[in-house]
file data_20.cif (mmCIF, C-alpha atoms)
data_query
#
loop_
_atom_site.label_atom_id
_atom_site.label_comp_id
_atom_site.auth_asym_id
_atom_site.auth_seq_id
_atom_site.Cartn_x
_atom_site.Cartn_y
_atom_site.Cartn_z
CA MET A 1 -8.12 -0.77 16.32
CA LEU A 2 -6.35 0.25 13.11
CA PHE A 3 -4.77 -1.47 10.12
CA ASP A 4 -1.66 0.15 8.65
CA THR A 5 -2.16 -1.22 5.15
CA HIS A 6 1.25 -0.11 3.80
CA ALA A 7 4.37 0.08 5.99
CA HIS A 8 7.99 -0.64 5.11
CA MET A 9 9.15 -1.95 8.46
CA ASP A 10 11.96 -3.84 6.73
CA ASP A 11 13.49 -0.51 5.70
CA ARG A 12 16.97 0.19 7.06
CA ALA A 13 15.58 3.32 8.74
CA PHE A 14 14.30 0.93 11.41
CA ASP A 15 17.47 -1.14 11.83
CA THR A 16 18.31 0.36 15.22
CA ASP A 17 14.92 -0.03 16.92
CA ARG A 18 12.69 -2.28 14.79
CA GLU A 19 12.02 -4.84 17.52
CA GLN A 20 11.07 -2.21 20.09
CA LEU A 21 8.73 -0.46 17.66
CA LEU A 22 7.00 -3.68 16.66
CA ALA A 23 6.61 -4.79 20.27
CA ALA A 24 4.91 -1.49 21.14
CA LEU A 25 2.38 -1.45 18.28
CA PRO A 26 -0.38 -3.57 19.86
CA GLY A 27 -0.54 -0.99 22.66
CA GLN A 28 -0.99 1.80 20.11
CA GLN A 29 -4.33 0.58 18.72
CA LEU A 30 -2.62 -1.26 15.85
CA ALA A 31 -4.29 -4.54 14.97
CA LEU A 32 -2.55 -5.36 11.67
CA VAL A 33 0.28 -4.16 9.43
CA MET A 34 0.89 -4.94 5.74
CA ASN A 35 4.56 -4.81 4.74
CA PRO A 36 5.02 -4.75 0.94
CA GLY A 37 8.26 -5.48 -0.83
CA CYS A 38 9.90 -2.97 -3.17
CA SER A 39 12.46 -5.30 -4.73
CA LEU A 40 13.41 -8.96 -4.62
CA ASP A 41 15.62 -8.41 -1.57
CA SER A 42 13.05 -6.35 0.33
CA SER A 43 10.31 -8.83 -0.59
CA ARG A 44 12.36 -11.62 0.98
CA ASN A 45 12.81 -9.46 4.09
CA ALA A 46 9.09 -8.60 4.18
CA VAL A 47 8.20 -12.30 4.21
CA LYS A 48 10.70 -13.02 6.98
CA LEU A 49 9.29 -10.17 9.05
CA ALA A 50 5.70 -11.34 8.53
CA ASN A 51 6.61 -14.87 9.54
CA SER A 52 8.19 -13.55 12.73
CA CYS A 53 5.22 -11.48 13.92
CA ASP A 54 1.57 -12.50 14.20
CA TYR A 55 0.04 -9.18 13.20
CA ILE A 56 2.28 -8.43 10.19
CA TYR A 57 1.46 -9.59 6.66
CA ALA A 58 3.59 -9.30 3.53
CA ALA A 59 3.39 -8.58 -0.18
CA VAL A 60 6.07 -9.34 -2.75
CA GLY A 61 6.95 -7.31 -5.81
CA SER A 62 9.27 -4.85 -7.51
CA HIS A 63 8.59 -1.11 -7.25
CA PRO A 64 8.99 0.95 -10.45
CA ASP A 65 12.42 2.03 -9.18
CA ALA A 66 13.42 -1.66 -9.29
CA ALA A 67 11.58 -2.49 -12.51
CA ASP A 68 14.81 -3.36 -14.31
CA GLU A 69 15.31 -6.39 -12.05
CA VAL A 70 12.05 -8.05 -13.13
CA ASN A 71 12.67 -11.15 -15.24
CA GLU A 72 11.42 -14.72 -15.31
CA GLU A 73 13.69 -15.78 -12.43
CA VAL A 74 12.47 -12.97 -10.18
CA LEU A 75 8.84 -13.66 -11.07
CA GLU A 76 9.33 -17.33 -10.30
CA GLU A 77 10.72 -16.50 -6.87
CA TYR A 78 7.75 -14.22 -6.19
CA ARG A 79 5.45 -17.03 -7.31
CA THR A 80 7.17 -19.45 -4.91
CA LEU A 81 7.11 -17.00 -2.00
CA CYS A 82 3.36 -16.56 -2.49
CA LYS A 83 2.65 -20.27 -2.70
CA LEU A 84 4.80 -21.30 0.28
CA ASN A 85 3.92 -18.48 2.69
CA PRO A 86 0.28 -18.03 3.73
CA LYS A 87 1.13 -14.60 5.19
CA VAL A 88 1.87 -13.25 1.70
CA ARG A 89 -1.43 -11.66 0.68
CA ALA A 90 -0.66 -9.45 -2.33
CA ILE A 91 1.67 -8.62 -5.21
CA GLY A 92 3.31 -5.29 -4.53
CA GLU A 93 4.39 -2.74 -4.45
CA ILE A 94 4.34 -2.53 -8.24
CA GLY A 95 3.39 0.14 -10.74
CA LEU A 96 4.67 3.23 -12.52
CA ASP A 97 6.58 6.33 -11.44
CA TYR A 98 7.30 8.95 -14.09
CA HIS A 99 8.48 11.65 -11.68
CA TYR A 100 12.23 11.06 -12.06
CA GLU A 101 12.21 8.43 -14.81
CA ASP A 102 15.47 6.86 -13.62
CA ILE A 103 14.04 3.68 -15.11
CA PRO A 104 12.74 4.12 -18.69
CA ARG A 105 8.97 4.05 -19.05
CA GLU A 106 8.95 1.01 -21.32
CA ILE A 107 10.85 -1.02 -18.70
CA GLN A 108 8.48 0.13 -15.95
CA LEU A 109 5.47 -0.80 -18.07
CA ARG A 110 6.86 -4.21 -18.93
CA ALA A 111 7.56 -4.98 -15.25
CA PHE A 112 4.15 -3.66 -14.15
CA ARG A 113 2.32 -5.79 -16.70
CA ALA A 114 4.34 -8.90 -15.85
CA GLN A 115 3.54 -8.53 -12.14
CA MET A 116 -0.13 -7.80 -12.82
CA GLU A 117 -0.17 -11.03 -14.81
CA LEU A 118 1.31 -12.80 -11.78
CA ALA A 119 -1.41 -11.32 -9.58
CA ARG A 120 -4.02 -12.56 -12.05
CA GLU A 121 -2.47 -16.02 -12.17
CA LEU A 122 -2.36 -16.35 -8.37
CA GLY A 123 -5.68 -14.63 -7.69
CA LEU A 124 -4.05 -12.04 -5.42
CA PRO A 125 -4.71 -8.31 -5.04
CA ALA A 126 -2.12 -5.84 -6.33
CA ILE A 127 -0.59 -2.93 -4.43
CA VAL A 128 -0.01 -0.21 -7.01
CA HIS A 129 2.36 2.74 -6.76
CA GLU A 130 1.44 5.27 -9.44
CA ARG A 131 2.93 8.74 -9.66
CA GLU A 132 2.55 11.11 -12.61
CA ALA A 133 1.56 8.16 -14.81
CA HIS A 134 -2.22 8.31 -14.55
CA GLU A 135 -3.07 7.53 -18.16
CA ASP A 136 -0.71 4.56 -18.48
CA GLY A 137 -1.66 3.29 -15.03
CA MET A 138 -5.35 3.28 -15.87
CA GLN A 139 -4.68 1.55 -19.18
CA VAL A 140 -2.93 -1.31 -17.38
CA VAL A 141 -5.87 -1.55 -14.97
CA ARG A 142 -8.23 -1.78 -17.93
CA ASP A 143 -6.06 -4.47 -19.51
CA PHE A 144 -6.29 -6.64 -16.37
CA PRO A 145 -9.97 -6.49 -15.35
CA GLU A 146 -9.65 -9.61 -13.22
CA VAL A 147 -7.08 -7.94 -10.94
CA THR A 148 -8.04 -5.50 -8.21
CA GLY A 149 -6.25 -4.22 -5.15
CA VAL A 150 -5.24 -0.79 -3.90
CA PHE A 151 -3.74 2.36 -5.40
CA HIS A 152 -1.59 3.26 -2.42
CA CYS A 153 -0.55 6.82 -1.51
CA TYR A 154 -3.15 7.94 -3.99
CA SER A 155 -2.27 11.07 -5.98
CA GLY A 156 -4.84 11.11 -8.78
CA SER A 157 -8.09 12.99 -9.25
CA ALA A 158 -11.44 12.32 -7.63
CA GLU A 159 -12.80 11.23 -11.02
CA MET A 160 -10.00 8.69 -11.49
CA ALA A 161 -10.57 7.41 -7.95
CA ARG A 162 -14.26 6.89 -8.70
CA GLN A 163 -13.34 4.96 -11.85
CA LEU A 164 -11.02 2.72 -9.84
CA VAL A 165 -13.64 2.14 -7.15
CA ASP A 166 -16.17 1.21 -9.84
CA LYS A 167 -13.70 -1.44 -11.02
CA GLY A 168 -13.37 -2.86 -7.49
CA TRP A 169 -10.19 -1.12 -6.34
CA TYR A 170 -9.43 0.47 -2.97
CA ILE A 171 -7.80 3.87 -2.44
CA GLY A 172 -5.01 4.29 0.15
CA PHE A 173 -4.38 7.53 2.03
CA THR A 174 -1.13 8.42 3.80
CA GLY A 175 -0.08 11.31 6.02
CA VAL A 176 -0.55 13.59 3.00
CA LEU A 177 -4.21 13.67 4.00
CA THR A 178 -3.23 15.75 7.06
CA PHE A 179 -1.11 18.31 5.19
CA LYS A 180 -2.39 21.89 5.09
CA ASN A 181 -2.15 21.98 1.27
CA ALA A 182 -3.77 18.56 0.73
CA ARG A 183 -6.78 19.89 -1.15
CA LYS A 184 -6.87 17.10 -3.75
CA ALA A 185 -6.44 14.26 -1.24
CA VAL A 186 -9.20 15.69 0.95
CA GLU A 187 -11.49 16.04 -2.06
CA VAL A 188 -10.95 12.37 -2.98
CA ALA A 189 -11.43 11.17 0.61
CA ALA A 190 -14.70 13.09 0.80
CA SER A 191 -16.12 11.84 -2.48
CA ILE A 192 -15.55 8.08 -2.72
CA PRO A 193 -17.42 5.35 -0.83
CA LEU A 194 -16.06 4.94 2.69
CA GLU A 195 -15.95 1.16 2.29
CA ARG A 196 -13.24 1.60 -0.37
CA ILE A 197 -10.84 3.67 1.76
CA VAL A 198 -7.83 2.23 3.55
CA LEU A 199 -5.28 4.05 5.71
CA GLU A 200 -1.51 3.67 5.55
CA THR A 201 1.65 5.28 6.81
CA ASP A 202 4.01 4.32 3.94
CA CYS A 203 6.61 4.55 6.70
CA PRO A 204 9.36 5.54 7.09
CA TYR A 205 8.07 8.17 4.64
CA MET A 206 5.03 10.49 4.53
CA SER A 207 4.82 11.42 8.21
CA PRO A 208 1.53 13.16 9.05
CA GLU A 209 1.23 16.52 10.72
CA PRO A 210 2.51 17.39 13.32
CA PHE A 211 5.36 14.93 12.67
CA ARG A 212 6.14 16.05 9.13
CA GLY A 213 9.85 15.85 8.36
CA LYS A 214 10.47 13.13 10.96
CA ARG A 215 10.66 9.36 10.49
CA ASN A 216 7.21 7.85 10.16
CA ASP A 217 6.06 4.59 11.77
CA PRO A 218 2.77 2.66 12.14
CA GLY A 219 2.12 4.22 15.53
CA LYS A 220 1.32 7.51 13.78
CA ILE A 221 -1.54 6.19 11.66
CA TYR A 222 -4.04 7.46 14.22
CA ARG A 223 -3.57 10.93 12.70
CA MET A 224 -4.92 9.78 9.33
CA ALA A 225 -7.92 8.25 11.10
CA GLU A 226 -8.57 11.51 12.94
CA LYS A 227 -8.42 13.51 9.72
CA LEU A 228 -10.67 11.09 7.83
CA ALA A 229 -13.20 11.24 10.68
CA GLU A 230 -13.19 15.03 10.38
CA ILE A 231 -13.64 14.90 6.60
CA ARG A 232 -16.50 12.40 6.73
CA GLY A 233 -18.22 13.72 9.84
CA LEU A 234 -17.89 10.47 11.76
CA SER A 235 -16.39 9.47 15.07
CA VAL A 236 -12.78 8.35 15.19
CA GLU A 237 -13.97 5.01 16.59
CA GLU A 238 -16.20 4.48 13.58
CA ILE A 239 -13.34 5.25 11.20
CA HIS A 240 -11.14 2.75 13.06
CA ARG A 241 -13.78 0.03 12.67
CA ILE A 242 -14.59 0.72 9.01
CA THR A 243 -11.01 1.07 7.75
CA LEU A 244 -9.90 -2.03 9.69
CA GLU A 245 -12.69 -4.01 8.03
CA ASN A 246 -11.78 -2.55 4.65
CA GLY A 247 -8.13 -3.54 4.98
CA LYS A 248 -9.01 -7.05 6.07
CA ARG A 249 -11.38 -7.41 3.12
CA LEU A 250 -8.76 -6.06 0.72
CA TYR A 251 -6.12 -8.54 1.86
CA ARG A 252 -8.56 -11.37 2.61
CA ILE A 253 -7.63 -11.66 6.25
CA GLY A 254 -10.29 -13.50 8.23
#
call {"tool": "encode", "arguments": {"input": "data_20.cif", "output": "structure tokens"}}
result
Amino acid sequence: MLFDTHAHMDDRAFDTDREQLLAALPGQQLALVMNPGCSLDSSRNAVKLANSCDYIYAAVGSHPDAADEVNEEVLEEYRTLCKLNPKVRAIGEIGLDYHYEDIPREIQLRAFRAQMELARELGLPAIVHEREAHEDGMQVVRDFPEVTGVFHCYSGSAEMARQLVDKGWYIGFTGVLTFKNARKAVEVAASIPLERIVLETDCPYMSPEPFRGKRNDPGKIYRMAEKLAEIRGLSVEEIHRITLENGKRLYRIG
């Protein structure tokens, strides 16, 4: 059985067939799904979805693209959602994205730090989105040594991944791992401890080969498991077992 540790099933891409997809997942070797929020609205929807389905859990937080919404009122609602809903197991997805810079860096950094502080206060793991912001992202990690979690859809170097693992973080791999040009992702997956690897779809994005270009969903996570088994020289069944255990440990699911 597998754990899709990062799936946006609340996304409007699933509005026409969400219920059918979710009903089919247990028959597709899916044991658990983590659905992070990307904004206040999507965090509310993630919590509702988790409370409606036994095998879905939620995280709450504002993505870098929504960093300008983060203020004391938003943080207080996230705090309340965490305290009132036992299925909320993390703060996320939060972080930094300097690719487009639609939101100024200083606003992204302020929101990231505020939400890391919330994770520290509540004793929850953080789900970090970090793209083209490696130096600043690592500085925030260093500034919050009590907080760990996962760098999802990891795009950094093997050396940076090893530094994160040494600090207690997990590394999340998406369908990128299956791409023909995924040299860096494969290098990272081959070089870090297996007990610190989790698998994710990041659906509806990041579809693995041979589904690239189509809508992604948790039922396709088996492809990442197959590729990781190939990289590490293990059976697919062993990868299922190890990554499921890793995800449960990350999100403290019994």
call {"tool": "closest_residue", "arguments": {"input": "data_20.cif", "among": "A:Leu75, A:Met116, A:Val33, A:Ala185", "to": "Lys248 (chain A)", "atoms": "all atoms listed in the file"}}
result
A:Val33
call {"tool": "residues_near_point", "arguments": {"input": "data_20.cif", "point": "(-7.2, 6.7, 8.1)", "cutoff": "6 Å", "atoms": "only C-alpha atoms", "output": "CSV table (one decimal) with C-alpha atoms, in the frame of the given file"}}
result
chain,number,residue,atom,x,y,z
A,199,LEU,CA,-5.3,4.0,5.7
A,224,MET,CA,-4.9,9.8,9.3
A,225,ALA,CA,-7.9,8.2,11.1
A,228,LEU,CA,-10.7,11.1,7.8
call {"tool": "resolve_selection", "arguments": {"input": "data_20.cif", "expression": "the PyMOL selection byres ((chain A and resi 28) around 10)", "output": "list in words"}}
result
Met1, Leu2, Ala24, Leu25, Pro26, Gly27, Gln29, Leu30, Ala31, Pro218, Gly219, Lys220, Ile221 and Tyr222 of chain A
call {"tool": "resolve_selection", "arguments": {"input": "data_20.cif", "expression": "the PyMOL selection byres ((chain A and resi 245) around 12)", "output": "PyMOL selection string"}}
result
chain A and resi 1-5+31-32+194-199+238-244+246-254
call {"tool": "resolve_selection", "arguments": {"input": "data_20.cif", "expression": "the PyMOL selection byres ((chain A and resi 154-165) around 9)", "output": "VMD selection string"}}
result
chain A and resid 129 to 132 134 138 141 148 150 to 153 166 to 174 184 to 185 187 to 189 191 to 193 196
call {"tool": "write_last_selection", "arguments": {"input": "data_20.cif", "atoms": "C-alpha atoms", "output": "PDB file, keeping the file's coordinate frame"}}
result
ATOM      1  CA  HIS A 129       2.360   2.740  -6.760  1.00  0.00           C
ATOM      2  CA  GLU A 130       1.440   5.270  -9.440  1.00  0.00           C
ATOM      3  CA  ARG A 131       2.930   8.740  -9.660  1.00  0.00           C
ATOM      4  CA  GLU A 132       2.550  11.110 -12.610  1.00  0.00           C
ATOM      5  CA  HIS A 134      -2.220   8.310 -14.550  1.00  0.00           C
ATOM      6  CA  MET A 138      -5.350   3.280 -15.870  1.00  0.00           C
ATOM      7  CA  VAL A 141      -5.870  -1.550 -14.970  1.00  0.00           C
ATOM      8  CA  THR A 148      -8.040  -5.500  -8.210  1.00  0.00           C
ATOM      9  CA  VAL A 150      -5.240  -0.790  -3.900  1.00  0.00           C
ATOM     10  CA  PHE A 151      -3.740   2.360  -5.400  1.00  0.00           C
ATOM     11  CA  HIS A 152      -1.590   3.260  -2.420  1.00  0.00           C
ATOM     12  CA  CYS A 153      -0.550   6.820  -1.510  1.00  0.00           C
ATOM     13  CA  ASP A 166     -16.170   1.210  -9.840  1.00  0.00           C
ATOM     14  CA  LYS A 167     -13.700  -1.440 -11.020  1.00  0.00           C
ATOM     15  CA  GLY A 168     -13.370  -2.860  -7.490  1.00  0.00           C
ATOM     16  CA  TRP A 169     -10.190  -1.120  -6.340  1.00  0.00           C
ATOM     17  CA  TYR A 170      -9.430   0.470  -2.970  1.00  0.00           C
ATOM     18  CA  ILE A 171      -7.800   3.870  -2.440  1.00  0.00           C
ATOM     19  CA  GLY A 172      -5.010   4.290   0.150  1.00  0.00           C
ATOM     20  CA  PHE A 173      -4.380   7.530   2.030  1.00  0.00           C
ATOM     21  CA  THR A 174      -1.130   8.420   3.800  1.00  0.00           C
ATOM     22  CA  LYS A 184      -6.870  17.100  -3.750  1.00  0.00           C
ATOM     23  CA  ALA A 185      -6.440  14.260  -1.240  1.00  0.00           C
ATOM     24  CA  GLU A 187     -11.490  16.040  -2.060  1.00  0.00           C
ATOM     25  CA  VAL A 188     -10.950  12.370  -2.980  1.00  0.00           C
ATOM     26  CA  ALA A 189     -11.430  11.170   0.610  1.00  0.00           C
ATOM     27  CA  SER A 191     -16.120  11.840  -2.480  1.00  0.00           C
ATOM     28  CA  ILE A 192     -15.550   8.080  -2.720  1.00  0.00           C
ATOM     29  CA  PRO A 193     -17.420   5.350  -0.830  1.00  0.00           C
ATOM     30  CA  ARG A 196     -13.240   1.600  -0.370  1.00  0.00           C
TER      31      ARG A 196
END
call {"tool": "build_atoms", "arguments": {"input": "data_20.cif", "residues": "region 189-203 of chain A", "atoms": "N, CA and C atoms", "output": "PDB file, in the frame of the given file"}}
result
ATOM      1  N   ALA A 189     -10.966  11.862  -0.601  1.00  0.00           N
ATOM      2  CA  ALA A 189     -11.430  11.170   0.610  1.00  0.00           C
ATOM      3  C   ALA A 189     -12.875  11.498   0.942  1.00  0.00           C
ATOM      4  N   ALA A 190     -13.321  12.681   0.529  1.00  0.00           N
ATOM      5  CA  ALA A 190     -14.700  13.090   0.800  1.00  0.00           C
ATOM      6  C   ALA A 190     -15.686  12.532  -0.199  1.00  0.00           C
ATOM      7  N   SER A 191     -15.195  12.114  -1.375  1.00  0.00           N
ATOM      8  CA  SER A 191     -16.120  11.840  -2.480  1.00  0.00           C
ATOM      9  C   SER A 191     -16.285  10.377  -2.851  1.00  0.00           C
ATOM     10  N   ILE A 192     -15.425   9.497  -2.345  1.00  0.00           N
ATOM     11  CA  ILE A 192     -15.550   8.080  -2.720  1.00  0.00           C
ATOM     12  C   ILE A 192     -16.205   7.304  -1.587  1.00  0.00           C
ATOM     13  N   PRO A 193     -16.771   6.136  -1.878  1.00  0.00           N
ATOM     14  CA  PRO A 193     -17.420   5.350  -0.830  1.00  0.00           C
ATOM     15  C   PRO A 193     -16.452   5.012   0.303  1.00  0.00           C
ATOM     16  N   LEU A 194     -16.912   5.179   1.525  1.00  0.00           N
ATOM     17  CA  LEU A 194     -16.060   4.940   2.690  1.00  0.00           C
ATOM     18  C   LEU A 194     -15.550   3.512   2.744  1.00  0.00           C
ATOM     19  N   GLU A 195     -16.351   2.578   2.231  1.00  0.00           N
ATOM     20  CA  GLU A 195     -15.950   1.160   2.290  1.00  0.00           C
ATOM     21  C   GLU A 195     -14.819   0.827   1.320  1.00  0.00           C
ATOM     22  N   ARG A 196     -14.359   1.823   0.540  1.00  0.00           N
ATOM     23  CA  ARG A 196     -13.240   1.600  -0.370  1.00  0.00           C
ATOM     24  C   ARG A 196     -11.999   2.381   0.047  1.00  0.00           C
ATOM     25  N   ILE A 197     -11.976   2.904   1.255  1.00  0.00           N
ATOM     26  CA  ILE A 197     -10.840   3.670   1.760  1.00  0.00           C
ATOM     27  C   ILE A 197     -10.037   2.848   2.745  1.00  0.00           C
ATOM     28  N   VAL A 198      -8.725   2.826   2.563  1.00  0.00           N
ATOM     29  CA  VAL A 198      -7.830   2.230   3.550  1.00  0.00           C
ATOM     30  C   VAL A 198      -6.792   3.276   3.960  1.00  0.00           C
ATOM     31  N   LEU A 199      -6.263   3.107   5.168  1.00  0.00           N
ATOM     32  CA  LEU A 199      -5.280   4.050   5.710  1.00  0.00           C
ATOM     33  C   LEU A 199      -3.911   3.396   5.768  1.00  0.00           C
ATOM     34  N   GLU A 200      -2.880   4.204   5.587  1.00  0.00           N
ATOM     35  CA  GLU A 200      -1.510   3.670   5.550  1.00  0.00           C
ATOM     36  C   GLU A 200      -0.539   4.748   5.985  1.00  0.00           C
ATOM     37  N   THR A 201       0.600   4.314   6.494  1.00  0.00           N
ATOM     38  CA  THR A 201       1.650   5.280   6.810  1.00  0.00           C
ATOM     39  C   THR A 201       2.657   5.438   5.677  1.00  0.00           C
ATOM     40  N   ASP A 202       2.901   4.354   4.907  1.00  0.00           N
ATOM     41  CA  ASP A 202       4.010   4.320   3.940  1.00  0.00           C
ATOM     42  C   ASP A 202       5.321   4.621   4.644  1.00  0.00           C
ATOM     43  N   CYS A 203       5.400   4.266   5.920  1.00  0.00           N
ATOM     44  CA  CYS A 203       6.610   4.550   6.700  1.00  0.00           C
ATOM     45  C   CYS A 203       7.804   3.793   6.113  1.00  0.00           C
TER      46      CYS A 203
END
